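S.K.: Before I ask anything, let me first share the structure, which is written out below as C-alpha cells.
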Amino acid sequence: MFQEDVYQSIQKDLARYPKAKLIAVSKKKPLADILKAHQKGLEHFGENYVQELIAKQEELSSRHGPPLKWHFIGHLQSNKAKEIVGKVDLIHSVDRLSLAEEISKQAQKKAIEQAILLQINISGESSKSGCSPQELENLVQKVINLKGIQLKGLMTIGSPSESIITRELEFEKMNQLLESLNQNFFSSHPLTELSMGMTDDYKLALEKGATLIRVGRALFGERD
Ligand SMILES: *Cc1c(COP(=O)(O)O)cnc(C)c1O
C-alpha cells in the first residue's frame with residue numbers, strides 16, 4: 001500500500017535539496033499502488049525487472065492524464081536491452097561496455113537517444129555488479145564515443161550491512177568520482193546525476209549530493 005505520510009515526509013527532506021528527485025521503486029508492487037502514488041504527485045518510478053516493467057507500461061498505455069516517468073534500476077542482460085531502450089527515461093544500471101554498446105545499437109535503430117548512468121561498485125564487494133572506480137575512466141572514454149547514448153552521471157547501491165560510517169564514505173567517494181570525471185572529461189558540460197540512497201539511507205545520500213534517491217519499502221511497504 002502507498003504510504004502517503006512517508007511520501008510527505010520525504011518531500012519535506014527533499015525541499016532542502018532543490019536538485020534532488022525522488023524515484024518511487026515499485027518493483028513487485030501492483031499497478032494500483034503506483035497509480036495511487038502518481039495521483040498524490042509522484043512522477044518518477046523505478047523498476048528492476050524488464051518483463052514487469054513492460055507489463056506495467058502496457059497496462060497503463062490506454063490511460064489518460066500526465067505520463068509516468070520510468071527508470072530502469074535492475075541488473076540488465078544485454079539481450080533484454082532492446083525491450084527497454086526508448087521506453088524509460090533513464091537506465092541507471094549500465095555497468096559494462098558490452099551493455100552500453102547494445103543500448104547504443106538499439107537506440108540508433110530506433111533513432112533516439114537513451115539517457116544512462118554508469119553503475120559503480122563502490123564497496124568493492126565481488127558479489128556486487130558495477131564498474132570498479134579504477135575502471136571507470138576507461139569505460140567512460142569508450143561510452144562517450146557511442147552514438148545514441150546520453151551519459152548523465154553515476155549510480156551505486158551501498159553495501160547493505162555496512163555501518164553508517166562506511167556508507168557515508170561510499171557516498172562521499174561517489175561524489176568525488178563524479179567530480180573528477182567532470183574535471184577530466186566533461187568540463188564544458190558536466191554530468192549532473194548521482195543516483196544513490198534507498199529506504200535506509202536516503203537522508204545521508206542527500207547530504208552527500210545525491211540527485212536521484214530510489215526509495216521502495218518506505219513508500220510501498222515491505223516486498224514479499
Ligand atoms: C529495490 C531497490 C531499491 C529500493 O530499495 P528499498 O530498500 O526498498 O528502498 C533501490 N535501488 C535498487 C537498485 C533496488 O534494487
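A note on labels: chains of the C-alpha cells are A, B, ... as shown, every chain counts residues from 1, and ligands are counted from 1 in their shown order.
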Could you report the residues within 12 Å of ligand 1, using only C-alpha atoms and all ligand atoms, as number ranges by chain?

M.R.: A: 22-29, 45-49, 71-76, 91-94, 119-121, 128-130, 155-160, 195-203, 212-224

S.K.: I'd like the neighbourhood of Ala37 in chain A as a list in words, where a residue qualifies if any of its atoms comes within 9 Å (using only C-alpha atoms), though same-chain residues fewer than 3 positions away should be ignored.

M.R.: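 In the requested format, the answer is Phe2, Gln3, Glu4, Tyr7, Ala24, Ala32, Asp33, Ile34, Lys40, Gly41, Leu42, Glu43 and Leu219 of chain A.
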
S.K.: CA of Ile112 in chain A to CA of Asp95 in chain A: how many Å, to one decimal?

M.R.: 20.9 Å

S.K.: For Lys82 in chain A, list every protein, DNA or RNA residue within 8 Å, evaluated using only C-alpha atoms, and leave out those in the same chain fewer than 5 positions away; present the list as a list in words.

M.R.: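 Neighbouring residues, sequence-local ones excluded: Glu102, Ile103 and Gln106 of chain A.
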
S.K.: For each of A:Glu52, A:Glu125, A:Glu135, A:Glu193, take the minimum atom-to-atom distance to Ser161 in chain A, counting only C-alpha atoms, then give the residue where this is smallest.

M.R.: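 Selected residue with least distance to Ser161 in chain A: A:Glu125.
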
S.K.: Have a look at CA of Phe186 in chain A and CA of Gln114 in chain A and let me know their distance in Å, one decimal.

M.R.: 18.3 Å

S.K.: Between A:Ile116, A:Glu172, A:Asn145, A:Leu206, which one has atoms that come closest to Leu191 in chain A, using only C-alpha atoms?

M.R.: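 Closest to Leu191 in chain A, using only C-alpha atoms: A:Ile116.
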
S.K.: Nearest residue to Lys208 in chain A out of A:Asn184, A:Ala20, A:Ala111, A:Glu59, using only C-alpha atoms?

M.R.: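 Closest to Lys208 in chain A of all the choices is A:Ala20.
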
S.K.: Go through A:Leu118, A:Gln8, A:Thr166, A:Gln108 and flag the residue nearest Ser132 in chain A, using only C-alpha atoms for the distances.

M.R.: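 Closest to Ser132 in chain A, using only C-alpha atoms: A:Leu118.
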
S.K.: Pull the helix (DSSP H, G or I) assignments for range 23-188 of chain A out of DSSP run on the backbone, and list those residues as a count of residues only.

M.R.: 69

S.K.: Taking into account only C-alpha atoms, which residue in the set A:Leu117, A:Leu68, A:Leu154, A:Ala107 is nearest to Lys173 in chain A?

M.R.: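 For Lys173 in chain A, the nearest of the given residues is A:Leu154.
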